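Listing of work15.txt, compact mmCIF, C-alpha atoms and all ligand atoms
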# COMPACT_ATOMS: atom_id res chain seq x y z
CA MET N 1 -13.65 8.04 6.62
CA ARG N 2 -9.87 8.10 7.10
CA ILE N 3 -7.70 6.27 4.58
CA LEU N 4 -4.03 5.67 5.28
CA THR N 5 -1.85 5.03 2.22
CA LEU N 6 1.47 3.19 2.20
CA SER N 7 3.77 3.05 -0.82
CA GLY N 8 6.17 0.20 -1.55
CA SER N 9 8.36 2.44 -3.72
CA LEU N 10 10.79 5.03 -2.42
CA ARG N 11 11.59 6.27 -5.95
CA THR N 12 11.06 9.99 -6.58
CA ARG N 13 9.25 9.48 -9.92
CA SER N 14 7.53 6.30 -8.74
CA THR N 15 4.67 5.17 -10.96
CA ASN N 16 3.08 3.60 -7.87
CA GLY N 17 3.51 6.94 -6.11
CA ALA N 18 1.63 8.56 -9.01
CA LEU N 19 -1.21 6.06 -8.56
CA LEU N 20 -1.22 6.66 -4.84
CA ARG N 21 -1.53 10.45 -5.36
CA ALA N 22 -4.36 9.90 -7.85
CA ALA N 23 -6.13 7.64 -5.34
CA GLN N 24 -5.68 10.29 -2.63
CA SER N 25 -7.28 12.99 -4.81
CA LEU N 26 -10.16 10.76 -5.84
CA ALA N 27 -10.76 9.80 -2.21
CA ALA N 28 -10.56 13.44 -1.06
CA ALA N 29 -13.05 14.46 -3.78
CA ASP N 30 -15.40 11.84 -2.32
CA GLY N 31 -15.06 13.36 1.17
CA ALA N 32 -12.51 10.97 2.66
CA GLU N 33 -9.55 12.16 4.69
CA THR N 34 -6.28 10.68 3.42
CA THR N 35 -2.90 10.52 5.08
CA SER N 36 0.27 8.74 4.07
CA ALA N 37 2.83 7.07 6.28
CA ASP N 38 6.53 7.41 5.50
CA ILE N 39 7.90 3.90 5.87
CA GLY N 40 11.31 4.56 4.33
CA GLY N 41 12.80 5.61 7.68
CA LEU N 42 11.70 2.60 9.72
CA PRO N 43 14.47 0.53 11.29
CA HIS N 44 14.86 -3.04 10.06
CA PHE N 45 12.44 -5.27 11.91
CA ASN N 46 14.14 -7.04 14.81
CA PRO N 47 12.10 -9.22 17.20
CA ASP N 48 14.42 -8.14 20.05
CA LEU N 49 13.06 -4.59 19.65
CA ASP N 50 9.51 -5.97 19.46
CA ALA N 51 9.65 -8.14 22.60
CA GLU N 52 6.94 -7.84 25.25
CA GLY N 53 7.44 -4.64 27.24
CA ALA N 54 9.88 -3.16 24.72
CA VAL N 55 9.42 0.50 23.85
CA ALA N 56 8.90 0.73 20.10
CA PRO N 57 11.33 2.93 18.14
CA ALA N 58 9.65 6.33 17.47
CA PRO N 59 9.02 5.79 13.72
CA VAL N 60 7.45 2.40 14.49
CA ALA N 61 5.20 3.90 17.18
CA ALA N 62 4.14 6.62 14.69
CA LEU N 63 3.30 4.02 12.03
CA ARG N 64 1.29 1.93 14.49
CA LYS N 65 -0.67 5.03 15.57
CA SER N 66 -1.42 5.97 11.92
CA VAL N 67 -2.76 2.50 11.17
CA ALA N 68 -4.78 2.39 14.41
CA GLU N 69 -6.39 5.74 13.56
CA ALA N 70 -7.31 4.77 9.98
CA ASP N 71 -10.66 3.29 8.97
CA ALA N 72 -9.00 1.70 5.96
CA VAL N 73 -5.50 1.24 4.57
CA LEU N 74 -4.46 1.26 0.92
CA LEU N 75 -1.15 -0.32 -0.09
CA VAL N 76 0.26 0.70 -3.46
CA SER N 77 3.39 -1.11 -4.49
CA PRO N 78 5.66 -2.31 -7.26
CA GLU N 79 6.89 -5.91 -7.48
CA TYR N 80 10.59 -6.63 -7.04
CA ALA N 81 11.94 -10.01 -8.20
CA HIS N 82 8.46 -11.53 -8.07
CA GLY N 83 8.10 -10.40 -4.47
CA VAL N 84 7.11 -7.56 -2.14
CA PRO N 85 9.63 -4.69 -1.88
CA GLY N 86 11.61 -5.02 1.35
CA VAL N 87 10.57 -1.58 2.59
CA LEU N 88 6.89 -2.54 2.59
CA LYS N 89 7.37 -6.05 4.01
CA ASN N 90 9.50 -4.49 6.76
CA ALA N 91 6.67 -2.09 7.64
CA LEU N 92 4.14 -4.96 7.75
CA ASP N 93 6.46 -7.06 9.96
CA TRP N 94 6.45 -4.24 12.53
CA LEU N 95 2.63 -4.43 12.58
CA VAL N 96 2.24 -8.19 13.12
CA SER N 97 2.49 -8.48 16.89
CA SER N 98 1.06 -5.05 17.69
CA GLY N 99 -2.16 -6.02 15.89
CA GLU N 100 -3.26 -2.77 14.26
CA PHE N 101 -4.29 -4.62 11.10
CA ILE N 102 -6.73 -6.90 12.92
CA ASP N 103 -10.13 -6.38 11.20
CA ARG N 104 -8.75 -3.29 9.42
CA ARG N 105 -10.10 -2.87 5.87
CA VAL N 106 -7.27 -2.94 3.38
CA GLY N 107 -6.86 -2.69 -0.37
CA VAL N 108 -3.79 -3.74 -2.36
CA ILE N 109 -2.80 -2.09 -5.62
CA THR N 110 0.29 -3.17 -7.52
CA ALA N 111 1.50 -1.52 -10.70
CA SER N 112 4.21 -2.54 -13.09
CA PRO N 113 5.51 -1.63 -16.55
CA SER N 114 4.98 -5.28 -17.50
CA PRO N 115 1.51 -6.58 -18.44
CA THR N 116 1.31 -8.71 -15.28
CA GLY N 117 0.77 -5.70 -13.01
CA GLY N 118 2.85 -7.23 -10.22
CA ASP N 119 0.62 -10.25 -9.71
CA TYR N 120 3.13 -12.11 -7.49
CA ALA N 121 3.56 -9.16 -5.12
CA ASN N 122 -0.20 -8.54 -5.08
CA ALA N 123 -0.94 -12.15 -4.10
CA GLN N 124 1.84 -12.19 -1.48
CA LEU N 125 0.65 -8.94 0.11
CA ARG N 126 -2.94 -10.19 0.33
CA GLU N 127 -1.75 -13.46 1.89
CA THR N 128 0.38 -11.62 4.49
CA LEU N 129 -2.50 -9.28 5.35
CA ARG N 130 -4.89 -12.21 5.74
CA MET N 131 -2.38 -13.87 8.06
CA MET N 132 -2.39 -10.62 10.05
CA THR N 133 -6.21 -10.96 10.12
CA GLY N 134 -6.77 -7.76 8.21
CA THR N 135 -9.97 -7.53 6.19
CA VAL N 136 -8.69 -7.71 2.62
CA VAL N 137 -11.34 -6.04 0.45
CA GLU N 138 -11.14 -7.94 -2.84
CA GLY N 139 -12.90 -5.15 -4.74
CA ALA N 140 -10.16 -2.78 -3.57
CA CYS N 141 -7.35 -4.95 -4.98
CA LEU N 142 -6.04 -4.03 -8.39
CA MET N 143 -3.14 -5.11 -10.59
CA VAL N 144 -2.21 -2.41 -13.06
CA GLY N 145 -0.14 -3.59 -16.02
CA THR N 146 1.74 -1.42 -18.55
CA ILE N 147 1.49 1.45 -16.08
CA ARG N 148 3.86 3.76 -17.96
CA SER N 149 1.49 3.92 -20.94
CA LYS N 150 -1.31 5.06 -18.60
CA LEU N 151 0.48 8.07 -17.10
CA ASP N 152 1.37 11.42 -18.64
CA SER N 153 5.12 11.30 -19.34
CA THR N 154 5.64 14.80 -17.88
CA THR N 155 3.14 15.22 -15.06
CA ASP N 156 2.67 11.52 -14.13
CA GLU N 157 -1.09 12.11 -14.00
CA ILE N 158 -3.36 9.27 -15.14
CA THR N 159 -4.27 9.60 -18.82
CA ASP N 160 -6.20 6.33 -19.10
CA PRO N 161 -9.92 6.77 -18.23
CA VAL N 162 -10.29 3.02 -17.65
CA LEU N 163 -7.62 3.15 -14.94
CA THR N 164 -9.32 6.17 -13.33
CA ALA N 165 -12.61 4.23 -13.30
CA GLN N 166 -10.89 1.15 -11.80
CA LEU N 167 -9.27 3.27 -9.10
CA THR N 168 -12.59 4.98 -8.32
CA ALA N 169 -14.31 1.58 -8.01
CA ALA N 170 -11.51 0.25 -5.79
CA LEU N 171 -11.85 3.23 -3.43
CA LYS N 172 -15.63 2.85 -3.36
CA ALA N 173 -15.20 -0.80 -2.35
CA LEU N 174 -12.60 0.09 0.28
CA THR N 175 -14.81 2.72 1.90
CA ALA N 176 -18.13 0.88 1.54
CA PRO N 177 -20.04 0.69 4.84
C1 LIG N 201 15.19 -4.79 -8.32
C2 LIG N 201 14.00 -4.73 -9.24
C3 LIG N 201 13.26 -5.88 -9.45
C4 LIG N 201 12.13 -5.83 -10.27
N1 LIG N 201 11.36 -6.95 -10.41
C5 LIG N 201 10.19 -6.87 -11.09
C6 LIG N 201 9.30 -7.99 -11.13
O1 LIG N 201 9.55 -9.03 -10.57
N2 LIG N 201 8.12 -7.84 -11.78
C7 LIG N 201 7.78 -6.67 -12.42
O2 LIG N 201 6.69 -6.59 -12.98
N3 LIG N 201 8.61 -5.59 -12.41
C8 LIG N 201 9.80 -5.67 -11.76
N4 LIG N 201 10.63 -4.59 -11.72
C9 LIG N 201 10.29 -3.39 -12.47
C10 LIG N 201 9.44 -2.46 -11.62
O3 LIG N 201 8.08 -2.88 -11.70
C11 LIG N 201 9.57 -1.04 -12.18
O4 LIG N 201 10.89 -0.58 -11.98
C12 LIG N 201 8.56 -0.10 -11.55
O5 LIG N 201 8.56 1.10 -12.26
C13 LIG N 201 8.88 0.18 -10.10
O6 LIG N 201 7.82 0.87 -9.52
P1 LIG N 201 7.87 2.44 -9.23
O7 LIG N 201 7.79 3.13 -10.58
O8 LIG N 201 6.64 2.70 -8.42
O9 LIG N 201 9.14 2.74 -8.51
C14 LIG N 201 11.78 -4.62 -10.92
C15 LIG N 201 12.56 -3.47 -10.70
C16 LIG N 201 13.64 -3.52 -9.87
C17 LIG N 201 14.43 -2.25 -9.61
As C-alpha cells - that is how I would like this structure written.
Ligand SMILES: Cc1cc2nc3c(=O)[nH]c(=O)nc-3n(C[C@H](O)[C@H](O)[C@H](O)COP(=O)(O)O)c2cc1C
Amino acid sequence: MRILTLSGSLRTRSTNGALLRAAQSLAAADGAETTSADIGGLPHFNPDLDAEGAVAPAPVAALRKSVAEADAVLLVSPEYAHGVPGVLKNALDWLVSSGEFIDRRVGVITASPSPTGGDYANAQLRETLRMMTGTVVEGACLMVGTIRSKLDSTTDEITDPVLTAQLTAALKALTAP
C-alpha cells in the first residue's frame, strides 16, 4: 500500500505538518509505504499550460506521477479565511484534467488552533475531490480542533492519545481493502 501525502501548509513549524509526519509514522508502522509531494514549487495553474498536447512543467509532471503511483492520497491542511490554502488548491487544479484522482482513495484532514478544526476547508476539499471523481473515504476525513493543545510544544509530537487513535482509525479506513 502506497500513501501519498500532501500538505496545505508551507510553514516550517506547521501543526498540519506535524500531523502529517505522525500519520506517516503510523502508516509506516502498519506496513504502508509513504511518500510526500512538494507542492510549494508548482507554477500557478494556467489552462494555457494545460491545453491538449501541452508538455506539463516538470514539477507538475512529477506531481501527476506521484498521484498516479499512489494507492491512496492523504491531504492534511489548515484553513485560510474559511477556505483552502492557495498552494493546495493550485496543486488540485493541476490534477483536474489529467485525471489522476479518478477513483483514487483520498482522505482529508484539516487542523486548526480554533475548535472548528477547519470545517470550511475540509468541506470544500471533499467537494472539489468529489468533483474530480476521487473516492473520498469519509472514515479518513478528520477535523482536528485546538491542535496546539494536542502537540508537544517543543517536539511537535502528538501528546493527545485520542488524536493518535483518531489518526490511526483514519489511516485504517484509508487503506481498507
Ligand atoms: C491568512 C490566514 C488565515 C487564516 N484563516 C483561518 C480560518 O479561516 N480558520 C481557522 O480555523 N484558522 C485560520 N487561520 C489560522 C490557522 O489555522 C493557523 O495559523 C494554523 O496554525 C495554520 O496551520 P499550520 O500550523 O499547519 O501552518 C488563518 C491563518 C492565516 C495565516
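With CA of Glu157 (chain N) on one side and CA of Leu26 (chain N) on the other, the separation reads 12.3 Å.
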ask   = Taking all atoms listed in the file into account, which residues are within 8 Å of ligand LIG 201 (chain N), as a VMD selection string?
value = chain N and resid 8 to 18 77 to 83 111 to 120 148
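The coordinates place CA of Ala27 (chain N) at 15.4 Å from CA of Cys141 (chain N).
What separates CA of Ile39 (chain N) from CA of Val76 (chain N) is a distance of 12.5 Å.
The nearest approach to Lys172 (chain N) among the residues N:Val55, N:Ile102, N:Val67, N:Met1, with all atoms listed in the file taken into account, belongs to N:Met1.
Each of N:Ala56, N:Val96, N:Ala72, N:Met143 was compared to Met131 (chain N) using all atoms listed in the file, and N:Val96 turns out to be the nearest.
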